[in-house]
Each structure stands twice: as structure tokens, then as C-alpha cells.
$ cat run_4.pdb   # PDB, C-alpha atoms
ATOM      1  CA  MET A   1      21.202  15.632 -12.707
ATOM      2  CA  ARG A   2      17.705  16.727 -11.766
ATOM      3  CA  PHE A   3      16.806  17.096 -15.456
ATOM      4  CA  ILE A   4      17.965  13.542 -16.223
ATOM      5  CA  SER A   5      15.865  12.112 -13.406
ATOM      6  CA  PHE A   6      12.840  14.085 -14.641
ATOM      7  CA  ILE A   7      13.317  12.630 -18.142
ATOM      8  CA  VAL A   8      13.594   9.105 -16.702
ATOM      9  CA  THR A   9      10.411   9.643 -14.685
ATOM     10  CA  VAL A  10       8.456  10.892 -17.709
ATOM     11  CA  LEU A  11       9.680   7.975 -19.840
ATOM     12  CA  THR A  12       8.651   5.418 -17.211
ATOM     13  CA  GLY A  13       5.249   7.070 -16.848
ATOM     14  CA  ALA A  14       4.700   7.038 -20.610
ATOM     15  CA  LEU A  15       5.590   3.342 -20.737
ATOM     16  CA  LEU A  16       3.115   2.554 -17.930
ATOM     17  CA  ILE A  17       0.363   4.614 -19.592
ATOM     18  CA  TYR A  18       1.005   2.707 -22.811
ATOM     19  CA  GLY A  19       0.519  -0.474 -20.757
ATOM     20  CA  THR A  20      -2.940   0.598 -19.564
ATOM     21  CA  VAL A  21      -4.318   0.462 -23.131
ATOM     22  CA  ASP A  22      -4.517  -3.327 -22.933
ATOM     23  CA  MET A  23      -6.025  -3.408 -19.452
ATOM     24  CA  PRO A  24      -9.753  -4.032 -18.868
ATOM     25  CA  ASN A  25     -11.913  -0.998 -18.247
ATOM     26  CA  TRP A  26     -12.026   0.520 -14.786
ATOM     27  CA  GLY A  27     -14.641  -1.326 -12.698
ATOM     28  CA  ASP A  28     -15.399  -3.965 -15.287
ATOM     29  CA  PRO A  29     -17.329  -6.835 -13.589
ATOM     30  CA  ASN A  30     -15.956  -9.340 -16.105
ATOM     31  CA  SER A  31     -12.279  -8.471 -15.668
ATOM     32  CA  PRO A  32      -9.873 -11.412 -15.105
ATOM     33  CA  ALA A  33      -9.154 -10.276 -11.538
ATOM     34  CA  SER A  34     -12.751 -10.931 -10.475
ATOM     35  CA  LYS A  35     -13.224 -14.155 -12.437
ATOM     36  CA  HIS A  36     -10.614 -16.552 -11.107
ATOM     37  CA  VAL A  37     -10.889 -17.390  -7.380
ATOM     38  CA  SER A  38     -13.058 -14.663  -5.909
ATOM     39  CA  PRO A  39     -16.429 -16.200  -6.979
ATOM     40  CA  ARG A  40     -15.623 -19.180  -4.782
ATOM     41  CA  TYR A  41     -14.879 -16.912  -1.825
ATOM     42  CA  ILE A  42     -18.090 -14.965  -2.378
ATOM     43  CA  THR A  43     -20.425 -17.935  -2.773
ATOM     44  CA  LYS A  44     -18.911 -20.391  -0.281
ATOM     45  CA  THR A  45     -18.002 -18.099   2.615
ATOM     46  CA  GLU A  46     -21.350 -18.487   4.380
ATOM     47  CA  ILE A  47     -21.373 -22.274   4.065
ATOM     48  CA  GLU A  48     -17.744 -22.964   4.913
ATOM     49  CA  THR A  49     -16.879 -20.363   7.548
ATOM     50  CA  ALA A  50     -20.239 -18.983   8.808
ATOM     51  CA  THR A  51     -18.880 -15.427   8.727
ATOM     52  CA  PRO A  52     -20.902 -12.674   7.058
ATOM     53  CA  ASN A  53     -17.856 -10.484   6.396
ATOM     54  CA  MET A  54     -15.952 -11.947   3.464
ATOM     55  CA  VAL A  55     -12.767  -9.964   4.067
ATOM     56  CA  THR A  56     -12.257 -11.336   7.567
ATOM     57  CA  SER A  57     -13.125 -14.871   6.515
ATOM     58  CA  VAL A  58     -10.543 -14.773   3.722
ATOM     59  CA  LEU A  59      -8.003 -13.063   5.999
ATOM     60  CA  ALA A  60      -8.314 -15.438   8.928
ATOM     61  CA  ASP A  61      -9.645 -18.684   7.495
ATOM     62  CA  TYR A  62      -8.670 -19.188   3.884
ATOM     63  CA  ARG A  63      -5.362 -17.323   3.993
ATOM     64  CA  GLY A  64      -4.355 -17.606   7.626
ATOM     65  CA  TYR A  65      -0.715 -18.425   6.853
ATOM     66  CA  ASP A  66      -0.476 -15.104   5.012
ATOM     67  CA  THR A  67      -1.491 -13.279   8.175
ATOM     68  CA  LEU A  68       1.014 -15.356  10.161
ATOM     69  CA  GLY A  69       3.773 -14.217   7.782
ATOM     70  CA  GLU A  70       2.648 -10.611   8.165
ATOM     71  CA  THR A  71       2.971 -10.943  11.941
ATOM     72  CA  THR A  72       6.497 -12.302  11.453
ATOM     73  CA  VAL A  73       7.365  -9.260   9.333
ATOM     74  CA  ILE A  74       6.066  -6.861  12.000
ATOM     75  CA  PHE A  75       8.028  -8.704  14.705
ATOM     76  CA  THR A  76      11.226  -8.522  12.640
ATOM     77  CA  ALA A  77      10.717  -4.807  11.988
ATOM     78  CA  GLY A  78      10.132  -4.062  15.662
ATOM     79  CA  MET A  79      13.167  -6.050  16.747
ATOM     80  CA  SER A  80      15.390  -4.329  14.184
ATOM     81  CA  CYS A  81      14.125  -0.902  15.297
ATOM     82  CA  ILE A  82      14.980  -1.731  18.920
ATOM     83  CA  LEU A  83      18.415  -3.072  17.950
ATOM     84  CA  LEU A  84      19.189  -0.007  15.809
ATOM     85  CA  LEU A  85      18.033   2.650  18.237
ATOM     86  CA  ARG A  86      19.333   1.374  21.581
ATOM     87  CA  ARG A  87      22.064   3.351  23.312
ATOM     88  CA  ARG A  88      25.237   1.332  23.595
ATOM     89  CA  LYS A  89      26.908   1.566  27.011
ATOM     90  CA  LYS A  90      30.321   0.372  25.847
ATOM     91  CA  LYS A  91      30.732   3.538  23.775
ATOM     92  CA  LYS A  92      31.443   5.605  26.905
ATOM     93  CA  ALA A  93      34.028   3.143  28.199
ATOM     94  CA  ARG A  94      36.054   3.221  24.999
TER      95      ARG A  94
ATOM     96  CA  MET B   1     -19.172   5.582  -7.386
ATOM     97  CA  ILE B   2     -20.131   9.202  -7.959
ATOM     98  CA  LEU B   3     -18.054  10.566 -10.796
ATOM     99  CA  PRO B   4     -17.457  14.280  -9.837
ATOM    100  CA  PHE B   5     -16.785  13.406  -6.179
ATOM    101  CA  ASP B   6     -14.282  10.798  -7.331
ATOM    102  CA  LEU B   7     -12.503  13.276  -9.599
ATOM    103  CA  ILE B   8     -12.365  15.984  -6.894
ATOM    104  CA  ILE B   9     -10.744  13.596  -4.388
ATOM    105  CA  GLN B  10      -8.219  12.414  -6.963
ATOM    106  CA  ILE B  11      -7.225  16.011  -7.769
ATOM    107  CA  PHE B  12      -6.810  16.723  -4.042
ATOM    108  CA  VAL B  13      -4.629  13.636  -3.649
ATOM    109  CA  VAL B  14      -2.350  14.696  -6.510
ATOM    110  CA  ILE B  15      -2.078  18.241  -5.086
ATOM    111  CA  CYS B  16      -1.184  16.856  -1.643
ATOM    112  CA  ALA B  17       1.465  14.562  -3.132
ATOM    113  CA  VAL B  18       3.088  17.403  -5.095
ATOM    114  CA  ALA B  19       3.006  19.693  -2.055
ATOM    115  CA  ALA B  20       4.527  17.021   0.207
ATOM    116  CA  ILE B  21       7.632  16.666  -1.925
ATOM    117  CA  THR B  22       8.136  20.342  -2.813
ATOM    118  CA  VAL B  23       7.716  22.069   0.566
ATOM    119  CA  LYS B  24      10.987  23.225   2.149
ATOM    120  CA  ASP B  25      10.226  22.184   5.722
ATOM    121  CA  LEU B  26      10.254  18.542   6.802
ATOM    122  CA  LEU B  27       7.623  18.916   9.529
ATOM    123  CA  SER B  28       5.239  20.564   7.058
ATOM    124  CA  ALA B  29       5.952  17.781   4.566
ATOM    125  CA  VAL B  30       5.035  15.130   7.124
ATOM    126  CA  MET B  31       1.821  16.982   8.018
ATOM    127  CA  ILE B  32       0.855  17.172   4.339
ATOM    128  CA  LEU B  33       1.615  13.454   4.072
ATOM    129  CA  GLY B  34      -0.896  12.819   6.863
ATOM    130  CA  ALA B  35      -3.505  14.812   4.938
ATOM    131  CA  TYR B  36      -2.617  12.764   1.841
ATOM    132  CA  SER B  37      -3.211   9.549   3.790
ATOM    133  CA  PHE B  38      -6.632  10.729   4.939
ATOM    134  CA  PHE B  39      -7.656  11.705   1.389
ATOM    135  CA  MET B  40      -6.511   8.270   0.228
ATOM    136  CA  CYS B  41      -8.596   6.688   3.012
ATOM    137  CA  LEU B  42     -11.656   8.658   1.834
ATOM    138  CA  MET B  43     -11.085   7.443  -1.713
ATOM    139  CA  TRP B  44     -10.925   3.811  -0.607
ATOM    140  CA  ALA B  45     -14.042   4.176   1.540
ATOM    141  CA  GLN B  46     -16.071   5.378  -1.419
ATOM    142  CA  MET B  47     -14.509   2.695  -3.630
ATOM    143  CA  GLY B  48     -16.003   0.025  -1.335
ATOM    144  CA  ALA B  49     -12.917  -1.102   0.600
ATOM    145  CA  VAL B  50     -13.990  -0.132   4.107
ATOM    146  CA  ASP B  51     -11.603  -2.485   5.912
ATOM    147  CA  VAL B  52      -8.641  -1.087   4.024
ATOM    148  CA  ALA B  53      -9.859   2.440   4.756
ATOM    149  CA  PHE B  54     -10.004   1.723   8.499
ATOM    150  CA  THR B  55      -6.526   0.235   8.446
ATOM    151  CA  GLU B  56      -5.123   3.162   6.461
ATOM    152  CA  ALA B  57      -6.695   5.760   8.752
ATOM    153  CA  SER B  58      -5.442   4.121  11.928
ATOM    154  CA  VAL B  59      -2.101   2.656  10.892
ATOM    155  CA  SER B  60      -0.699   4.791   8.102
ATOM    156  CA  ALA B  61      -2.164   8.196   8.940
ATOM    157  CA  GLY B  62      -1.823   7.699  12.691
ATOM    158  CA  ILE B  63       1.227   5.623  13.524
ATOM    159  CA  GLY B  64       3.137   6.592  10.368
ATOM    160  CA  THR B  65       2.775  10.318  11.039
ATOM    161  CA  ILE B  66       3.771   9.844  14.686
ATOM    162  CA  LEU B  67       6.877   7.849  13.652
ATOM    163  CA  CYS B  68       7.870  10.552  11.148
ATOM    164  CA  ILE B  69       7.386  13.358  13.699
ATOM    165  CA  ALA B  70       9.451  11.455  16.282
ATOM    166  CA  ALA B  71      12.265  10.950  13.755
ATOM    167  CA  ILE B  72      12.221  14.633  12.761
ATOM    168  CA  MET B  73      12.262  15.754  16.394
ATOM    169  CA  LYS B  74      15.333  13.565  16.959
ATOM    170  CA  THR B  75      17.147  14.872  13.860
ATOM    171  CA  THR B  76      16.497  18.195  12.131
ATOM    172  CA  ARG B  77      13.657  19.842  10.222
ATOM    173  CA  ARG B  78      15.764  21.962   7.889
ATOM    174  CA  THR B  79      16.238  20.854   4.298
ATOM    175  CA  LYS B  80      17.574  22.350   1.107
ATOM    176  CA  ASP B  81      15.136  20.841  -1.369
TER     177      ASP B  81
ATOM    178  CA  MET C   1     -12.423   8.342 -27.875
ATOM    179  CA  LEU C   2     -14.270   9.994 -24.976
ATOM    180  CA  GLU C   3     -15.472   6.599 -23.827
ATOM    181  CA  PHE C   4     -11.885   5.348 -23.828
ATOM    182  CA  ILE C   5     -10.755   8.293 -21.680
ATOM    183  CA  VAL C   6     -13.633   7.867 -19.208
ATOM    184  CA  SER C   7     -12.883   4.159 -18.794
ATOM    185  CA  LYS C   8      -9.145   4.639 -18.315
ATOM    186  CA  TYR C   9      -8.483   8.012 -16.604
ATOM    187  CA  ASN C  10      -8.365   6.509 -13.117
ATOM    188  CA  PHE C  11      -5.363   4.393 -14.086
ATOM    189  CA  TRP C  12      -3.608   7.474 -15.449
ATOM    190  CA  ILE C  13      -4.096   9.373 -12.198
ATOM    191  CA  TYR C  14      -2.653   6.406 -10.275
ATOM    192  CA  ILE C  15       0.360   6.380 -12.603
ATOM    193  CA  ILE C  16       0.852  10.140 -12.082
ATOM    194  CA  LEU C  17       0.867   9.607  -8.296
ATOM    195  CA  MET C  18       3.326   6.744  -8.633
ATOM    196  CA  MET C  19       5.648   8.852 -10.787
ATOM    197  CA  ILE C  20       5.548  11.693  -8.236
ATOM    198  CA  GLY C  21       6.843   9.252  -5.627
ATOM    199  CA  PHE C  22       9.438   7.867  -8.039
ATOM    200  CA  TYR C  23      10.754  11.360  -8.837
ATOM    201  CA  ALA C  24      11.027  12.139  -5.125
ATOM    202  CA  MET C  25      12.976   8.925  -4.574
ATOM    203  CA  ILE C  26      15.578   9.517  -7.289
ATOM    204  CA  ALA C  27      15.905  13.324  -7.466
ATOM    205  CA  LYS C  28      15.532  14.650  -3.931
ATOM    206  CA  ARG C  29      18.701  14.914  -1.851
ATOM    207  CA  ASN C  30      17.157  14.774   1.616
ATOM    208  CA  LEU C  31      16.719  11.330   3.154
ATOM    209  CA  VAL C  32      13.348  12.042   4.811
ATOM    210  CA  LYS C  33      12.070  13.371   1.457
ATOM    211  CA  LYS C  34      13.117  10.082  -0.104
ATOM    212  CA  ILE C  35      11.160   8.188   2.536
ATOM    213  CA  ILE C  36       8.090  10.369   1.868
ATOM    214  CA  GLY C  37       8.457   9.534  -1.826
ATOM    215  CA  MET C  38       8.632   5.822  -1.001
ATOM    216  CA  ASN C  39       5.416   6.148   1.017
ATOM    217  CA  ILE C  40       3.633   7.852  -1.898
ATOM    218  CA  PHE C  41       4.885   5.158  -4.306
ATOM    219  CA  GLN C  42       3.610   2.301  -2.120
ATOM    220  CA  THR C  43       0.269   4.015  -1.576
ATOM    221  CA  ALA C  44      -0.198   4.432  -5.329
ATOM    222  CA  ILE C  45       0.466   0.728  -5.908
ATOM    223  CA  ILE C  46      -2.017  -0.228  -3.189
ATOM    224  CA  LEU C  47      -4.558   2.159  -4.731
ATOM    225  CA  PHE C  48      -4.164   0.509  -8.123
ATOM    226  CA  PHE C  49      -4.608  -2.936  -6.587
ATOM    227  CA  ILE C  50      -7.759  -1.885  -4.701
ATOM    228  CA  SER C  51      -9.212  -0.400  -7.885
ATOM    229  CA  THR C  52      -9.080  -3.795  -9.612
ATOM    230  CA  ALA C  53     -11.549  -5.088  -7.010
ATOM    231  CA  TYR C  54     -14.253  -2.549  -7.832
ATOM    232  CA  LYS C  55     -17.240  -3.625  -9.902
ATOM    233  CA  THR C  56     -19.654  -1.204 -11.525
ATOM    234  CA  GLY C  57     -23.312  -2.026 -11.828
ATOM    235  CA  GLY C  58     -24.781  -2.150  -8.336
ATOM    236  CA  ALA C  59     -22.161  -4.140  -6.438
ATOM    237  CA  THR C  60     -22.037  -3.464  -2.689
ATOM    238  CA  LEU C  61     -19.477  -3.994   0.067
ATOM    239  CA  PRO C  62     -18.175  -7.554   0.619
ATOM    240  CA  ILE C  63     -20.416  -8.202   3.625
ATOM    241  CA  LEU C  64     -23.383 -10.530   3.258
ATOM    242  CA  LEU C  65     -26.687  -8.670   3.214
ATOM    243  CA  ASP C  66     -28.711 -11.558   4.636
ATOM    244  CA  PRO C  67     -26.461 -13.523   7.018
ATOM    245  CA  HIS C  68     -27.621 -16.969   8.084
ATOM    246  CA  GLY C  69     -30.314 -16.893   5.453
ATOM    247  CA  HIS C  70     -28.237 -18.889   3.040
ATOM    248  CA  GLY C  71     -26.755 -22.282   3.475
ATOM    249  CA  HIS C  72     -29.586 -24.188   5.121
ATOM    250  CA  GLY C  73     -30.575 -25.854   1.912
ATOM    251  CA  ALA C  74     -28.266 -26.567  -0.953
ATOM    252  CA  ALA C  75     -30.853 -25.273  -3.405
ATOM    253  CA  GLU C  76     -31.280 -21.811  -1.893
ATOM    254  CA  SER C  77     -27.612 -21.205  -1.180
ATOM    255  CA  ALA C  78     -27.017 -19.161  -4.305
ATOM    256  CA  VAL C  79     -25.219 -15.867  -3.661
ATOM    257  CA  ALA C  80     -24.971 -13.717  -6.743
ATOM    258  CA  VAL C  81     -21.328 -13.085  -7.569
ATOM    259  CA  SER C  82     -22.021  -9.775  -9.309
ATOM    260  CA  GLN C  83     -23.736  -8.443  -6.174
ATOM    261  CA  TYR C  84     -20.569  -8.101  -4.088
ATOM    262  CA  ILE C  85     -17.175  -6.486  -4.652
ATOM    263  CA  ASN C  86     -14.203  -8.813  -5.047
ATOM    264  CA  PRO C  87     -12.835  -9.359  -1.480
ATOM    265  CA  LEU C  88      -9.441 -10.837  -2.378
ATOM    266  CA  PRO C  89      -7.468  -7.617  -3.212
ATOM    267  CA  HIS C  90      -8.728  -6.028   0.005
ATOM    268  CA  VAL C  91      -7.204  -8.848   2.044
ATOM    269  CA  LEU C  92      -3.876  -8.703   0.229
ATOM    270  CA  MET C  93      -3.674  -4.926   0.594
ATOM    271  CA  LEU C  94      -4.481  -5.050   4.320
ATOM    272  CA  THR C  95      -1.243  -7.024   4.640
ATOM    273  CA  ALA C  96       0.587  -4.591   2.363
ATOM    274  CA  ILE C  97      -0.413  -1.516   4.401
ATOM    275  CA  VAL C  98       0.934  -3.026   7.610
ATOM    276  CA  VAL C  99       4.171  -4.025   5.863
ATOM    277  CA  MET C 100       4.384  -0.440   4.507
ATOM    278  CA  VAL C 101       4.343   0.983   8.025
ATOM    279  CA  ALA C 102       6.944  -1.592   9.136
ATOM    280  CA  THR C 103       9.328  -0.522   6.346
ATOM    281  CA  LEU C 104       8.671   3.140   7.247
ATOM    282  CA  GLY C 105       9.690   2.476  10.851
ATOM    283  CA  VAL C 106      12.899   0.651   9.932
ATOM    284  CA  ALA C 107      13.833   3.341   7.376
ATOM    285  CA  LEU C 108      13.324   6.130   9.914
ATOM    286  CA  ALA C 109      15.428   4.219  12.471
ATOM    287  CA  ILE C 110      18.252   3.982   9.914
ATOM    288  CA  VAL C 111      17.905   7.736   9.214
ATOM    289  CA  ILE C 112      18.253   8.493  12.930
ATOM    290  CA  MET C 113      21.409   6.346  13.052
ATOM    291  CA  ILE C 114      22.859   8.210  10.056
ATOM    292  CA  TYR C 115      22.121  11.569  11.660
ATOM    293  CA  ARG C 116      23.832  10.495  14.886
ATOM    294  CA  LYS C 117      26.982   9.551  12.980
ATOM    295  CA  TYR C 118      27.248  12.294  10.325
ATOM    296  CA  GLY C 119      25.153  15.181  11.699
ATOM    297  CA  THR C 120      23.289  15.856   8.462
ATOM    298  CA  LEU C 121      20.496  14.430   6.338
ATOM    299  CA  ASN C 122      21.739  15.673   2.965
ATOM    300  CA  GLU C 123      22.922  12.859   0.757
ATOM    301  CA  ASP C 124      25.761  14.757  -0.927
ATOM    302  CA  GLU C 125      27.280  15.836   2.386
ATOM    303  CA  ILE C 126      27.046  12.260   3.708
ATOM    304  CA  ILE C 127      28.853  10.897   0.640
ATOM    305  CA  LYS C 128      31.485  13.642   0.974
ATOM    306  CA  ALA C 129      31.994  12.793   4.656
ATOM    307  CA  MET C 130      32.308   9.085   3.909
ATOM    308  CA  LYS C 131      35.262   9.571   1.562
TER     309      LYS C 131
END
$ encode --input "run_4.pdb" --output "C-alpha cells"
Amino acid sequence: MRFISFIVTVLTGALLIYGTVDMPNWGDPNSPASKHVSPRYITKTEIETATPNMVTSVLADYRGYDTLGETTVIFTAGMSCILLLRRRKKKKAR
Amino acid sequence: MILPFDLIIQIFVVICAVAAITVKDLLSAVMILGAYSFFMCLMWAQMGAVDVAFTEASVSAGIGTILCIAAIMKTTRRTKD
Amino acid sequence: MLEFIVSKYNFWIYIILMMIGFYAMIAKRNLVKKIIGMNIFQTAIILFFISTAYKTGGATLPILLDPHGHGHGAAESAVAVSQYINPLPHVLMLTAIVVMVATLGVALAIVIMIYRKYGTLNEDEIIKAMK
């Protein structure tokens, strides 16, 4: 069983390494990830939000609904932890 | 990015990950996972992502390790693999 | 060939980390070991995502070097794009790290519930006790 899972792991890793052949080089300034929307964030963040730190301006201004959803996820996780770990009092009465 | 420093941190991260899943004691595994998180935080800081490094060092290496230790104290630290 | 290896070896190390977590998730029998493997897996994915933001060639942190110097005139408001690292993956991965800790907390709560009911953390013994 352990041998089969090792074989599956090695096969998946080989497939992913084969996928990196087509990727842009590591740290390439002209890669597609840094060409699409991030130039607008970099150039317009001073004019539109007056914040020197680009990460906080994108986090709180441009993508504020994303942060709101993250807060919802944390709230749900905390509530489910409380509901799972509370001691039930009816268990003694049964 | 300094190339030898980068490579040394990556080797440390891989060693910590292998040690965290092969050690036979759960408390030791969680401690090694905290060390792994701090090495990962160092790697991000020298990659330029300082905000992510702060968040990792406070949230994942701090609160995550405390949550794991609390869970292990409530259950058991013995394991077979 | 050497140039190819130098430009790609970071991705291979991230894939090795990810596969270590994957092996721990599917081969280990202890539930806390599985959760540790899940943590390593998520951290490797976040590491890969952060590495797509990095730019070689003199790019600095995504914080403006001369704040309030730009933007007064439309002509002098040019910020060089190649001067700063891409800030978008950092923002997305800040969210992902917090969600990672939330999933870790819920998973550990479920493990504590399982230990209260069955008295063990080994997966085989739990399956045997369920039958």
C-alpha cells in the first residue's frame, strides 16, 4: 500500500515537472503574470488611492470584497470550532 | 536575490519537510513544522514579499503551532508512523 | 542546458515540497500527520504563487520610493512598472494564508472529536472500530 502511494506521488511529480518546461523562466519580468493587470495597480495606486504601499491599497481598496469574504471564512471557521468542541450537558442526563 | 543563500534556504526547507513527516513523535513533528514555517517566512522575505512574510510568521508559525500543540495535549503524542 | 536548469530549478524544488506533503496525506496512517502534510502542501502552493510575482533586474518591494512626489501633474506621474515587484499575488496569498490557518483549526477540532469518540488517532483502528 505504501509502495503504491509512493509510485503515485512520483508519477504526479514527474507530470508537474514536465509541465514546468513550458512555463516562463523564474523571475522573468515579461511573464504573463506581470503583464495583465498589475501594471495598472503599480502606476495608478498613487493617483487613485494616495497610499504608498501597493499591497495594502490593492487589499483594501481595489479588492475589498475579497477581504470581506476572507473575514466571512474566518468567522465560519471560528463558529464551527466552537460548535464542535463545546461540552454537551445533555450527555450526562442520558 | 542572492543565489547561494536562496539555495541554502531551499535545502533547509526540504530537510525540515522530510523530518516533519518522518519523525515518530507528534510533538516533535509540530515543532519541526514551526521551524519549517519560519524558514518559509525567511524565503519570502528575501523574495520581496514582506507582507506575506509578516503574516506567515505571526499567523502560521505562531497561531498554527499553538493550535497543533493544544490539539496534541488534548489527544495523544504517540504514533506508529 | 545549464541555463535551462538555472532558470527552472526553483519550480522543481517547489514541486518536491508539494509531493512531500502529498505523500504524507495519502500514505501516513496518523491523522495529525495527514494534517501536517496538508499544511506543507498548501505552503508549497503559496510559495509557487509568490514566486510568480518576483522580477529579476533591479525590482524592489511594492512600496513607492517617493510617495507624494507623483501625481501632481499628469506629465510627471510616470511610475516605471519594471521598478516594482508585482503586488497582486502577494494580496491573494495573504488571503490564502489566513484561510490555511482556518482550515487547520477546523481539522484539528474534528481530530479532537474523533479522539473523544474512538480513543485513537490511527486510521486503520478507527475504520476497524466503525465496522
$ atom_distance --input "run_4.pdb" --atom1 "CA of Ser7 (chain C)" --atom2 "CA of Val10 (chain A)"
22.4 Å
$ axis_aligned_box --input "run_4.pdb" --around "region 14-32 of chain C" --padding-each-side "3 Å" --output "lines of an AutoDock Vina configuration file"
center_x = 8.0
center_y = 10.6
center_z = -3.9
size_x = 27.4
size_y = 14.5
size_z = 23.4
$ closest_residue --input "run_4.pdb" --among "B:Ser60, B:Gln10, B:Ser28, B:Thr22" --to "Thr43 (chain C)" --atoms "only C-alpha atoms"
B:Ser60
$ interface_residues --input "run_4.pdb" --of "chain B" --to "chain A" --cutoff "12 Å" --atoms "only C-alpha atoms" --output "VMD selection string"
chain B and resid 1 47 to 52 67 71 74 81
$ residues_around --input "run_4.pdb" --residues "Asn53 (chain A)" --least-positions-apart "5" --cutoff "7 Å" --atoms "all atoms listed in the file" --output "PyMOL selection string"
chain C and resi 62-64
$ resolve_selection --input "run_4.pdb" --expression "the PyMOL selection byres ((chain C) within 8 of (chain B))" --output "ChimeraX atom specification"
/C:13,16-17,20-21,24,28-30,32-33,36-37,40,47,50-51,54,56,60-61,85,90,93-94,97-98,101,104-105,108-109,111-112,115,121-122
$ resolve_selection --input "run_4.pdb" --expression "the PyMOL selection byres ((chain C and resi 87) around 8)" --output "ChimeraX atom specification"
/A:38,41-42,54-55,58 /C:53,62,85-86,88-91
$ resolve_selection --input "run_4.pdb" --expression "the PyMOL selection byres ((chain C and resi 11) around 8)" --output "list in words"
Ile17, Thr20 and Trp26 of chain A; Lys8, Tyr9, Asn10, Trp12, Ile13, Tyr14, Ile15 and Phe48 of chain C
$ write_last_selection --input "run_4.pdb" --atoms "C-alpha atoms" --output "mmCIF file, in the coordinates of the input"
data_model
loop_
_atom_site.group_PDB
_atom_site.id
_atom_site.type_symbol
_atom_site.label_atom_id
_atom_site.label_comp_id
_atom_site.auth_asym_id
_atom_site.auth_seq_id
_atom_site.Cartn_x
_atom_site.Cartn_y
_atom_site.Cartn_z
ATOM 1 C CA ILE A 17 0.363 4.614 -19.592
ATOM 2 C CA THR A 20 -2.940 0.598 -19.564
ATOM 3 C CA TRP A 26 -12.026 0.520 -14.786
ATOM 4 C CA LYS C 8 -9.145 4.639 -18.315
ATOM 5 C CA TYR C 9 -8.483 8.012 -16.604
ATOM 6 C CA ASN C 10 -8.365 6.509 -13.117
ATOM 7 C CA TRP C 12 -3.608 7.474 -15.449
ATOM 8 C CA ILE C 13 -4.096 9.373 -12.198
ATOM 9 C CA TYR C 14 -2.653 6.406 -10.275
ATOM 10 C CA ILE C 15 0.360 6.380 -12.603
ATOM 11 C CA PHE C 48 -4.164 0.509 -8.123
#
$ closest_residue --input "run_4.pdb" --among "A:Thr43, A:Thr72, A:Asn30, A:Ser57" --to "chain C" --atoms "only C-alpha atoms"
A:Thr43
$ closest_residue --input "run_4.pdb" --among "C:Tyr118, C:Phe22, C:Phe41, C:Phe49" --to "chain A" --atoms "only C-alpha atoms"
C:Phe22
$ atom_distance --input "run_4.pdb" --atom1 "CA of Leu16 (chain A)" --atom2 "CA of Met19 (chain C)"
9.9 Å
$ residues_around --input "run_4.pdb" --residues "Phe75 (chain A)" --least-positions-apart "2" --cutoff "12 Å" --atoms "all atoms listed in the file" --output "MDAnalysis selection string"
(chainID A and resid 68:73 77:82) or (chainID C and resid 98:99 102:103 105:106)
$ write_last_selection --input "run_4.pdb" --atoms "C-alpha atoms" --output "CSV table (one decimal), keeping the file's coordinate frame"
chain,number,residue,atom,x,y,z
A,68,LEU,CA,1.0,-15.4,10.2
A,69,GLY,CA,3.8,-14.2,7.8
A,70,GLU,CA,2.6,-10.6,8.2
A,71,THR,CA,3.0,-10.9,11.9
A,72,THR,CA,6.5,-12.3,11.5
A,73,VAL,CA,7.4,-9.3,9.3
A,77,ALA,CA,10.7,-4.8,12.0
A,78,GLY,CA,10.1,-4.1,15.7
A,79,MET,CA,13.2,-6.0,16.7
A,80,SER,CA,15.4,-4.3,14.2
A,81,CYS,CA,14.1,-0.9,15.3
A,82,ILE,CA,15.0,-1.7,18.9
C,98,VAL,CA,0.9,-3.0,7.6
C,99,VAL,CA,4.2,-4.0,5.9
C,102,ALA,CA,6.9,-1.6,9.1
C,103,THR,CA,9.3,-0.5,6.3
C,105,GLY,CA,9.7,2.5,10.9
C,106,VAL,CA,12.9,0.7,9.9
$ build_atoms --input "run_4.pdb" --residues "region 44-54 of chain A" --atoms "N, CA, C and O atoms" --output "compact mmCIF listing (two decimals), in the frame of the given file"
# COMPACT_ATOMS: atom_id res chain seq x y z
N LYS A 44 -19.06 -19.34 -1.28
CA LYS A 44 -18.91 -20.39 -0.28
C LYS A 44 -18.61 -19.89 1.12
O LYS A 44 -18.47 -20.68 2.04
N THR A 45 -18.47 -18.58 1.31
CA THR A 45 -18.00 -18.10 2.62
C THR A 45 -19.04 -18.31 3.71
O THR A 45 -18.69 -18.52 4.87
N GLU A 46 -20.32 -18.26 3.36
CA GLU A 46 -21.35 -18.49 4.38
C GLU A 46 -21.40 -19.96 4.77
O GLU A 46 -21.54 -20.31 5.94
N ILE A 47 -21.24 -20.83 3.79
CA ILE A 47 -21.37 -22.27 4.07
C ILE A 47 -20.15 -22.78 4.81
O ILE A 47 -20.25 -23.56 5.76
N GLU A 48 -18.96 -22.34 4.39
CA GLU A 48 -17.74 -22.96 4.91
C GLU A 48 -17.24 -22.32 6.19
O GLU A 48 -16.63 -22.99 7.03
N THR A 49 -17.45 -21.01 6.37
CA THR A 49 -16.88 -20.36 7.55
C THR A 49 -17.91 -19.73 8.46
O THR A 49 -17.57 -19.32 9.56
N ALA A 50 -19.16 -19.59 8.02
CA ALA A 50 -20.24 -18.98 8.81
C ALA A 50 -19.90 -17.57 9.26
O ALA A 50 -20.18 -17.18 10.39
N THR A 51 -19.23 -16.81 8.41
CA THR A 51 -18.88 -15.43 8.73
C THR A 51 -19.52 -14.53 7.68
O THR A 51 -19.32 -14.76 6.50
N PRO A 52 -20.28 -13.53 8.08
CA PRO A 52 -20.90 -12.67 7.06
C PRO A 52 -19.90 -11.79 6.33
O PRO A 52 -20.09 -11.47 5.16
N ASN A 53 -18.83 -11.38 7.01
CA ASN A 53 -17.86 -10.48 6.40
C ASN A 53 -16.83 -11.31 5.61
O ASN A 53 -16.09 -12.09 6.18
N MET A 54 -16.82 -11.11 4.30
CA MET A 54 -15.95 -11.95 3.46
C MET A 54 -14.48 -11.61 3.66
O MET A 54 -13.63 -12.48 3.57
